[in-house]
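Presented below is the structure to which this report refers.
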Amino acid sequence: RIYYTILAVYVTWTFVCAYLFTTFGNPRLMVLVIANLSNVAIGLTSFLVLWTNLRLLPGPLRPGWISRIGVICCGMFYLGLASLVFYEKQLPALQEVLGWK
């Protein structure tokens with residue numbers, strides 16, 4: 001039940017996004033937004049994995065300091081990349097599509 005509910009929400013969201021992008025945007029904007037949202041997802045997922053490993057794993061199985069620092073750097077890199085892409089590419093494109101510029 002849970003799987004099919006998540007699948008239905010995902011498919012519905014995909015159709016809504018495809019409709020919105022074909023109505024109000026262009027394919028280039030769609031690729032920019034989807035790629036940047038993937039960067040946000042990877043960045044947030046890395047912090048979620050770190051939190052889960054530090055809270056739910058028993059002490060001997062928890063990652064060491066080098067692994068923790070690596071996961072934190074990964075999250076910061078992808079979230080930083082997402083913010084730079086949003087500021088430099090997506091924000092001007094969205095302002096143009098919405099007529100704010």
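All residue names refer to the structure tokens as shown: chains lettered A, B, ... in order, residues numbered from 1 in each chain, ligands numbered from 1 in order.
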Within 7 Å of Asn36 (chain A), counting only C-alpha atoms, which residues show up once you throw out same-chain ones fewer than 4 positions away? Write them as a PDB file with C-alpha atoms, in the first residue's frame, please.
```
ATOM      1  CA  LEU A  32      17.862  23.438 -15.315  1.00  0.00           C
ATOM      2  CA  VAL A  40      19.372  19.758  -3.587  1.00  0.00           C
ATOM      3  CA  ALA A  82      22.502  24.133  -6.181  1.00  0.00           C
ATOM      4  CA  VAL A  85      23.098  27.422 -10.179  1.00  0.00           C
TER       5      VAL A  85
END
```
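Compared by their closest atoms to Phe86 (chain A), and using only C-alpha atoms, the residues A:Pro58, A:Tyr3, A:Ala35, A:Val71 rank with A:Ala35 nearest.
Considering the residues A:Arg55, A:Val33, A:Ile6, A:Thr12 and counting only C-alpha atoms, Leu91 (chain A) has its shortest atom-to-atom contact with A:Val33.
Between Ile69 (chain A) and the candidates A:Ile42, A:Leu50, A:Leu84, A:Ile34, the tightest atom-to-atom separation, counting only C-alpha atoms, involves A:Leu50.
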Q.
Just want the 8 Å neighbourhood of region 72-74 of chain A, counted on only C-alpha atoms, with same-chain residues fewer than 4 positions away dropped. Output as an NGL selection string.
A. :A and (43 or 46-47 or 50 or 68 or 78)
With only C-alpha atoms as the counted atoms, please give the residues lying no more than 12 Å from Ala93 (chain A), apart from itself and same-chain residues fewer than 5 positions off, as number ranges by chain. A: 24-33, 85-88, 98-101
Can I get the selection written as a PDB file, in the first residue's frame, with N, CA, C and O atoms?
```
ATOM      1  N   PHE A  24       4.203  26.992 -19.353  1.00  0.00           N
ATOM      2  CA  PHE A  24       4.790  28.269 -18.951  1.00  0.00           C
ATOM      3  C   PHE A  24       6.277  28.395 -19.230  1.00  0.00           C
ATOM      4  O   PHE A  24       6.835  29.472 -19.075  1.00  0.00           O
ATOM      5  N   GLY A  25       6.941  27.336 -19.577  1.00  0.00           N
ATOM      6  CA  GLY A  25       8.394  27.401 -19.731  1.00  0.00           C
ATOM      7  C   GLY A  25       8.861  26.818 -21.037  1.00  0.00           C
ATOM      8  O   GLY A  25       8.112  26.703 -22.006  1.00  0.00           O
ATOM      9  N   ASN A  26      10.115  26.458 -21.045  1.00  0.00           N
ATOM     10  CA  ASN A  26      10.708  25.822 -22.211  1.00  0.00           C
ATOM     11  C   ASN A  26      11.528  24.624 -21.741  1.00  0.00           C
ATOM     12  O   ASN A  26      11.789  24.478 -20.549  1.00  0.00           O
ATOM     13  N   PRO A  27      11.959  23.763 -22.642  1.00  0.00           N
ATOM     14  CA  PRO A  27      12.707  22.571 -22.230  1.00  0.00           C
ATOM     15  C   PRO A  27      14.022  22.895 -21.500  1.00  0.00           C
ATOM     16  O   PRO A  27      14.412  22.180 -20.583  1.00  0.00           O
ATOM     17  N   ARG A  28      14.662  23.967 -21.894  1.00  0.00           N
ATOM     18  CA  ARG A  28      15.933  24.342 -21.234  1.00  0.00           C
ATOM     19  C   ARG A  28      15.700  24.669 -19.767  1.00  0.00           C
ATOM     20  O   ARG A  28      16.462  24.246 -18.893  1.00  0.00           O
ATOM     21  N   LEU A  29      14.643  25.414 -19.486  1.00  0.00           N
ATOM     22  CA  LEU A  29      14.322  25.745 -18.099  1.00  0.00           C
ATOM     23  C   LEU A  29      13.973  24.493 -17.311  1.00  0.00           C
ATOM     24  O   LEU A  29      14.374  24.348 -16.157  1.00  0.00           O
ATOM     25  N   MET A  30      13.256  23.576 -17.932  1.00  0.00           N
ATOM     26  CA  MET A  30      12.890  22.338 -17.259  1.00  0.00           C
ATOM     27  C   MET A  30      14.137  21.538 -16.878  1.00  0.00           C
ATOM     28  O   MET A  30      14.236  21.039 -15.754  1.00  0.00           O
ATOM     29  N   VAL A  31      15.091  21.438 -17.774  1.00  0.00           N
ATOM     30  CA  VAL A  31      16.323  20.700 -17.478  1.00  0.00           C
ATOM     31  C   VAL A  31      17.097  21.383 -16.351  1.00  0.00           C
ATOM     32  O   VAL A  31      17.606  20.716 -15.443  1.00  0.00           O
ATOM     33  N   LEU A  32      17.167  22.709 -16.379  1.00  0.00           N
ATOM     34  CA  LEU A  32      17.862  23.438 -15.315  1.00  0.00           C
ATOM     35  C   LEU A  32      17.207  23.198 -13.955  1.00  0.00           C
ATOM     36  O   LEU A  32      17.896  22.936 -12.964  1.00  0.00           O
ATOM     37  N   VAL A  33      15.907  23.291 -13.904  1.00  0.00           N
ATOM     38  CA  VAL A  33      15.201  23.128 -12.632  1.00  0.00           C
ATOM     39  C   VAL A  33      15.336  21.705 -12.112  1.00  0.00           C
ATOM     40  O   VAL A  33      15.639  21.485 -10.935  1.00  0.00           O
ATOM     41  N   VAL A  85      23.835  27.609  -8.932  1.00  0.00           N
ATOM     42  CA  VAL A  85      23.098  27.422 -10.179  1.00  0.00           C
ATOM     43  C   VAL A  85      21.771  28.168 -10.121  1.00  0.00           C
ATOM     44  O   VAL A  85      21.367  28.808 -11.093  1.00  0.00           O
ATOM     45  N   PHE A  86      21.102  28.118  -8.967  1.00  0.00           N
ATOM     46  CA  PHE A  86      19.832  28.826  -8.844  1.00  0.00           C
ATOM     47  C   PHE A  86      20.038  30.326  -9.016  1.00  0.00           C
ATOM     48  O   PHE A  86      19.300  30.979  -9.754  1.00  0.00           O
ATOM     49  N   TYR A  87      21.037  30.871  -8.359  1.00  0.00           N
ATOM     50  CA  TYR A  87      21.270  32.316  -8.413  1.00  0.00           C
ATOM     51  C   TYR A  87      21.699  32.781  -9.803  1.00  0.00           C
ATOM     52  O   TYR A  87      21.256  33.818 -10.290  1.00  0.00           O
ATOM     53  N   GLU A  88      22.566  32.012 -10.443  1.00  0.00           N
ATOM     54  CA  GLU A  88      23.121  32.448 -11.728  1.00  0.00           C
ATOM     55  C   GLU A  88      22.255  32.084 -12.939  1.00  0.00           C
ATOM     56  O   GLU A  88      22.221  32.821 -13.911  1.00  0.00           O
ATOM     57  N   LEU A  98       8.255  34.675 -15.729  1.00  0.00           N
ATOM     58  CA  LEU A  98       7.184  35.285 -14.964  1.00  0.00           C
ATOM     59  C   LEU A  98       6.966  36.761 -15.303  1.00  0.00           C
ATOM     60  O   LEU A  98       6.030  37.369 -14.816  1.00  0.00           O
ATOM     61  N   GLY A  99       7.863  37.335 -16.103  1.00  0.00           N
ATOM     62  CA  GLY A  99       7.721  38.719 -16.506  1.00  0.00           C
ATOM     63  C   GLY A  99       8.129  39.721 -15.446  1.00  0.00           C
ATOM     64  O   GLY A  99       7.661  40.861 -15.432  1.00  0.00           O
ATOM     65  N   TRP A 100       9.003  39.338 -14.541  1.00  0.00           N
ATOM     66  CA  TRP A 100       9.453  40.228 -13.462  1.00  0.00           C
ATOM     67  C   TRP A 100      10.640  41.072 -13.881  1.00  0.00           C
ATOM     68  O   TRP A 100      11.049  41.957 -13.183  1.00  0.00           O
ATOM     69  N   LYS A 101      11.203  40.780 -15.037  1.00  0.00           N
ATOM     70  CA  LYS A 101      12.418  41.493 -15.449  1.00  0.00           C
ATOM     71  C   LYS A 101      12.183  42.251 -16.720  1.00  0.00           C
ATOM     72  O   LYS A 101      11.470  41.907 -17.585  1.00  0.00           O
TER      73      LYS A 101
END
```
In chain A, DSSP alpha helix (DSSP H) residues written as a short mmCIF file (atom, residue, chain, number, x, y, z; two decimals) with N, CA and C atoms, in the first residue's frame:
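Contents of the output file result_17.cif:
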```
data_model
loop_
_atom_site.label_atom_id
_atom_site.label_comp_id
_atom_site.auth_asym_id
_atom_site.auth_seq_id
_atom_site.Cartn_x
_atom_site.Cartn_y
_atom_site.Cartn_z
N ILE A 2 1.86 1.27 0.83
CA ILE A 2 2.72 2.46 0.93
C ILE A 2 3.45 2.68 -0.40
N TYR A 3 3.99 1.61 -0.96
CA TYR A 3 4.73 1.73 -2.21
C TYR A 3 3.87 2.31 -3.33
N TYR A 4 2.67 1.78 -3.50
CA TYR A 4 1.81 2.25 -4.59
C TYR A 4 1.30 3.67 -4.35
N THR A 5 1.13 4.04 -3.10
CA THR A 5 0.75 5.42 -2.80
C THR A 5 1.88 6.39 -3.18
N ILE A 6 3.10 6.04 -2.79
CA ILE A 6 4.25 6.88 -3.16
C ILE A 6 4.42 6.92 -4.67
N LEU A 7 4.25 5.79 -5.33
CA LEU A 7 4.36 5.73 -6.78
C LEU A 7 3.29 6.61 -7.45
N ALA A 8 2.07 6.56 -6.95
CA ALA A 8 0.99 7.38 -7.53
C ALA A 8 1.27 8.86 -7.34
N VAL A 9 1.75 9.25 -6.17
CA VAL A 9 2.09 10.65 -5.93
C VAL A 9 3.22 11.08 -6.86
N TYR A 10 4.22 10.24 -7.01
CA TYR A 10 5.36 10.56 -7.87
C TYR A 10 4.92 10.73 -9.32
N VAL A 11 4.10 9.81 -9.82
CA VAL A 11 3.63 9.89 -11.21
C VAL A 11 2.75 11.12 -11.41
N THR A 12 1.87 11.39 -10.45
CA THR A 12 1.02 12.58 -10.54
C THR A 12 1.86 13.85 -10.55
N TRP A 13 2.85 13.93 -9.67
CA TRP A 13 3.73 15.09 -9.62
C TRP A 13 4.48 15.25 -10.94
N THR A 14 4.91 14.16 -11.54
CA THR A 14 5.61 14.22 -12.82
C THR A 14 4.72 14.82 -13.90
N PHE A 15 3.47 14.39 -13.96
CA PHE A 15 2.55 14.94 -14.95
C PHE A 15 2.24 16.42 -14.70
N VAL A 16 2.10 16.80 -13.44
CA VAL A 16 1.85 18.22 -13.11
C VAL A 16 3.03 19.07 -13.54
N CYS A 17 4.24 18.62 -13.22
CA CYS A 17 5.45 19.38 -13.61
C CYS A 17 5.58 19.44 -15.12
N ALA A 18 5.34 18.35 -15.81
CA ALA A 18 5.44 18.36 -17.27
C ALA A 18 4.43 19.33 -17.86
N TYR A 19 3.22 19.35 -17.33
CA TYR A 19 2.21 20.29 -17.82
C TYR A 19 2.64 21.73 -17.57
N LEU A 20 3.12 22.01 -16.36
CA LEU A 20 3.52 23.39 -16.04
C LEU A 20 4.68 23.86 -16.91
N PHE A 21 5.66 22.99 -17.11
CA PHE A 21 6.81 23.39 -17.92
C PHE A 21 6.46 23.55 -19.39
N THR A 22 5.56 22.72 -19.90
CA THR A 22 5.20 22.87 -21.31
C THR A 22 4.28 24.07 -21.52
N THR A 23 3.55 24.46 -20.49
CA THR A 23 2.65 25.60 -20.60
C THR A 23 3.38 26.92 -20.39
N PHE A 24 4.20 26.99 -19.35
CA PHE A 24 4.79 28.27 -18.95
C PHE A 24 6.28 28.39 -19.23
N PRO A 27 11.96 23.76 -22.64
CA PRO A 27 12.71 22.57 -22.23
C PRO A 27 14.02 22.90 -21.50
N ARG A 28 14.66 23.97 -21.89
CA ARG A 28 15.93 24.34 -21.23
C ARG A 28 15.70 24.67 -19.77
N LEU A 29 14.64 25.41 -19.49
CA LEU A 29 14.32 25.75 -18.10
C LEU A 29 13.97 24.49 -17.31
N MET A 30 13.26 23.58 -17.93
CA MET A 30 12.89 22.34 -17.26
C MET A 30 14.14 21.54 -16.88
N VAL A 31 15.09 21.44 -17.77
CA VAL A 31 16.32 20.70 -17.48
C VAL A 31 17.10 21.38 -16.35
N LEU A 32 17.17 22.71 -16.38
CA LEU A 32 17.86 23.44 -15.31
C LEU A 32 17.21 23.20 -13.95
N VAL A 33 15.91 23.29 -13.90
CA VAL A 33 15.20 23.13 -12.63
C VAL A 33 15.34 21.70 -12.11
N ILE A 34 15.14 20.72 -12.98
CA ILE A 34 15.20 19.33 -12.54
C ILE A 34 16.62 18.96 -12.11
N ALA A 35 17.62 19.40 -12.85
CA ALA A 35 19.01 19.10 -12.47
C ALA A 35 19.36 19.76 -11.15
N ASN A 36 18.89 20.98 -10.95
CA ASN A 36 19.21 21.67 -9.71
C ASN A 36 18.46 21.06 -8.53
N LEU A 37 17.24 20.62 -8.74
CA LEU A 37 16.53 19.94 -7.66
C LEU A 37 17.21 18.63 -7.30
N SER A 38 17.84 18.00 -8.27
CA SER A 38 18.61 16.78 -7.98
C SER A 38 19.81 17.10 -7.10
N ASN A 39 20.46 18.23 -7.35
CA ASN A 39 21.57 18.65 -6.49
C ASN A 39 21.09 18.89 -5.06
N VAL A 40 19.94 19.53 -4.92
CA VAL A 40 19.37 19.76 -3.59
C VAL A 40 19.06 18.42 -2.92
N ALA A 41 18.49 17.50 -3.67
CA ALA A 41 18.14 16.19 -3.11
C ALA A 41 19.38 15.43 -2.64
N ILE A 42 20.45 15.46 -3.42
CA ILE A 42 21.68 14.77 -3.02
C ILE A 42 22.27 15.42 -1.78
N GLY A 43 22.28 16.75 -1.74
CA GLY A 43 22.81 17.45 -0.57
C GLY A 43 22.03 17.16 0.69
N LEU A 44 20.71 17.21 0.62
CA LEU A 44 19.89 16.94 1.79
C LEU A 44 19.96 15.47 2.20
N THR A 45 20.03 14.59 1.21
CA THR A 45 20.12 13.16 1.51
C THR A 45 21.41 12.82 2.24
N SER A 46 22.50 13.48 1.88
CA SER A 46 23.76 13.19 2.56
C SER A 46 23.68 13.55 4.04
N PHE A 47 23.04 14.69 4.37
CA PHE A 47 22.88 15.05 5.77
C PHE A 47 21.90 14.13 6.48
N LEU A 48 20.87 13.68 5.78
CA LEU A 48 19.92 12.74 6.37
C LEU A 48 20.58 11.39 6.66
N VAL A 49 21.42 10.93 5.74
CA VAL A 49 22.13 9.67 5.95
C VAL A 49 23.09 9.79 7.14
N LEU A 50 23.77 10.92 7.24
CA LEU A 50 24.68 11.12 8.36
C LEU A 50 23.91 11.13 9.68
N TRP A 51 22.80 11.84 9.72
CA TRP A 51 21.99 11.89 10.94
C TRP A 51 21.48 10.51 11.31
N THR A 52 21.00 9.77 10.32
CA THR A 52 20.48 8.43 10.57
C THR A 52 21.58 7.51 11.08
N ASN A 53 22.76 7.58 10.48
CA ASN A 53 23.87 6.73 10.92
C ASN A 53 24.31 7.06 12.33
N LEU A 54 24.30 8.34 12.68
CA LEU A 54 24.77 8.72 14.01
C LEU A 54 23.72 8.48 15.10
N ARG A 55 22.46 8.43 14.74
CA ARG A 55 21.41 8.25 15.74
C ARG A 55 20.94 6.80 15.87
N LEU A 56 20.88 6.08 14.79
CA LEU A 56 20.25 4.76 14.83
C LEU A 56 21.23 3.58 14.84
N TRP A 65 35.38 9.62 11.94
CA TRP A 65 35.41 11.07 11.71
C TRP A 65 35.70 11.42 10.26
N ILE A 66 36.56 10.65 9.61
CA ILE A 66 36.88 10.95 8.21
C ILE A 66 35.64 10.75 7.34
N SER A 67 34.88 9.70 7.60
CA SER A 67 33.65 9.47 6.83
C SER A 67 32.62 10.56 7.11
N ARG A 68 32.51 10.98 8.35
CA ARG A 68 31.57 12.04 8.70
C ARG A 68 31.93 13.34 7.99
N ILE A 69 33.21 13.67 8.02
CA ILE A 69 33.66 14.90 7.35
C ILE A 69 33.42 14.80 5.85
N GLY A 70 33.66 13.62 5.27
CA GLY A 70 33.41 13.43 3.84
C GLY A 70 31.94 13.62 3.47
N VAL A 71 31.04 13.09 4.29
CA VAL A 71 29.61 13.22 4.01
C VAL A 71 29.18 14.68 4.19
N ILE A 72 29.70 15.36 5.19
CA ILE A 72 29.38 16.78 5.39
C ILE A 72 29.88 17.61 4.20
N CYS A 73 31.10 17.33 3.75
CA CYS A 73 31.63 18.05 2.58
C CYS A 73 30.79 17.77 1.33
N CYS A 74 30.34 16.53 1.17
CA CYS A 74 29.48 16.18 0.04
C CYS A 74 28.19 16.99 0.08
N GLY A 75 27.55 17.04 1.24
CA GLY A 75 26.31 17.80 1.38
C GLY A 75 26.52 19.28 1.12
N MET A 76 27.59 19.84 1.66
CA MET A 76 27.87 21.26 1.45
C MET A 76 28.17 21.55 -0.02
N PHE A 77 28.89 20.65 -0.68
CA PHE A 77 29.22 20.85 -2.09
C PHE A 77 27.96 20.89 -2.94
N TYR A 78 27.09 19.89 -2.78
CA TYR A 78 25.89 19.83 -3.62
C TYR A 78 24.90 20.94 -3.30
N LEU A 79 24.74 21.28 -2.03
CA LEU A 79 23.84 22.40 -1.71
C LEU A 79 24.42 23.73 -2.17
N GLY A 80 25.74 23.88 -2.07
CA GLY A 80 26.38 25.08 -2.59
C GLY A 80 26.26 25.18 -4.10
N LEU A 81 26.45 24.06 -4.77
CA LEU A 81 26.30 24.03 -6.22
C LEU A 81 24.86 24.38 -6.62
N ALA A 82 23.91 23.84 -5.89
CA ALA A 82 22.50 24.13 -6.18
C ALA A 82 22.20 25.61 -5.98
N SER A 83 22.74 26.21 -4.93
CA SER A 83 22.47 27.63 -4.71
C SER A 83 23.14 28.50 -5.76
N LEU A 84 24.34 28.15 -6.19
CA LEU A 84 25.01 28.92 -7.25
C LEU A 84 24.27 28.82 -8.57
N VAL A 85 23.84 27.61 -8.93
CA VAL A 85 23.10 27.42 -10.18
C VAL A 85 21.77 28.17 -10.12
N LEU A 91 17.24 31.75 -11.44
CA LEU A 91 16.55 32.97 -11.03
C LEU A 91 16.31 33.91 -12.20
N PRO A 92 17.32 34.21 -13.05
CA PRO A 92 17.03 35.05 -14.21
C PRO A 92 16.04 34.42 -15.18
N ALA A 93 16.12 33.10 -15.37
CA ALA A 93 15.18 32.44 -16.29
C ALA A 93 13.76 32.48 -15.74
N LEU A 94 13.61 32.27 -14.44
CA LEU A 94 12.28 32.34 -13.83
C LEU A 94 11.72 33.75 -13.86
N GLN A 95 12.58 34.74 -13.64
CA GLN A 95 12.14 36.12 -13.70
C GLN A 95 11.67 36.47 -15.11
N GLU A 96 12.37 35.94 -16.10
CA GLU A 96 11.98 36.19 -17.51
C GLU A 96 10.65 35.51 -17.84
N VAL A 97 10.47 34.27 -17.38
CA VAL A 97 9.24 33.56 -17.65
C VAL A 97 8.05 34.21 -16.95
N LEU A 98 8.26 34.68 -15.73
CA LEU A 98 7.18 35.28 -14.96
C LEU A 98 6.97 36.76 -15.30
#
```
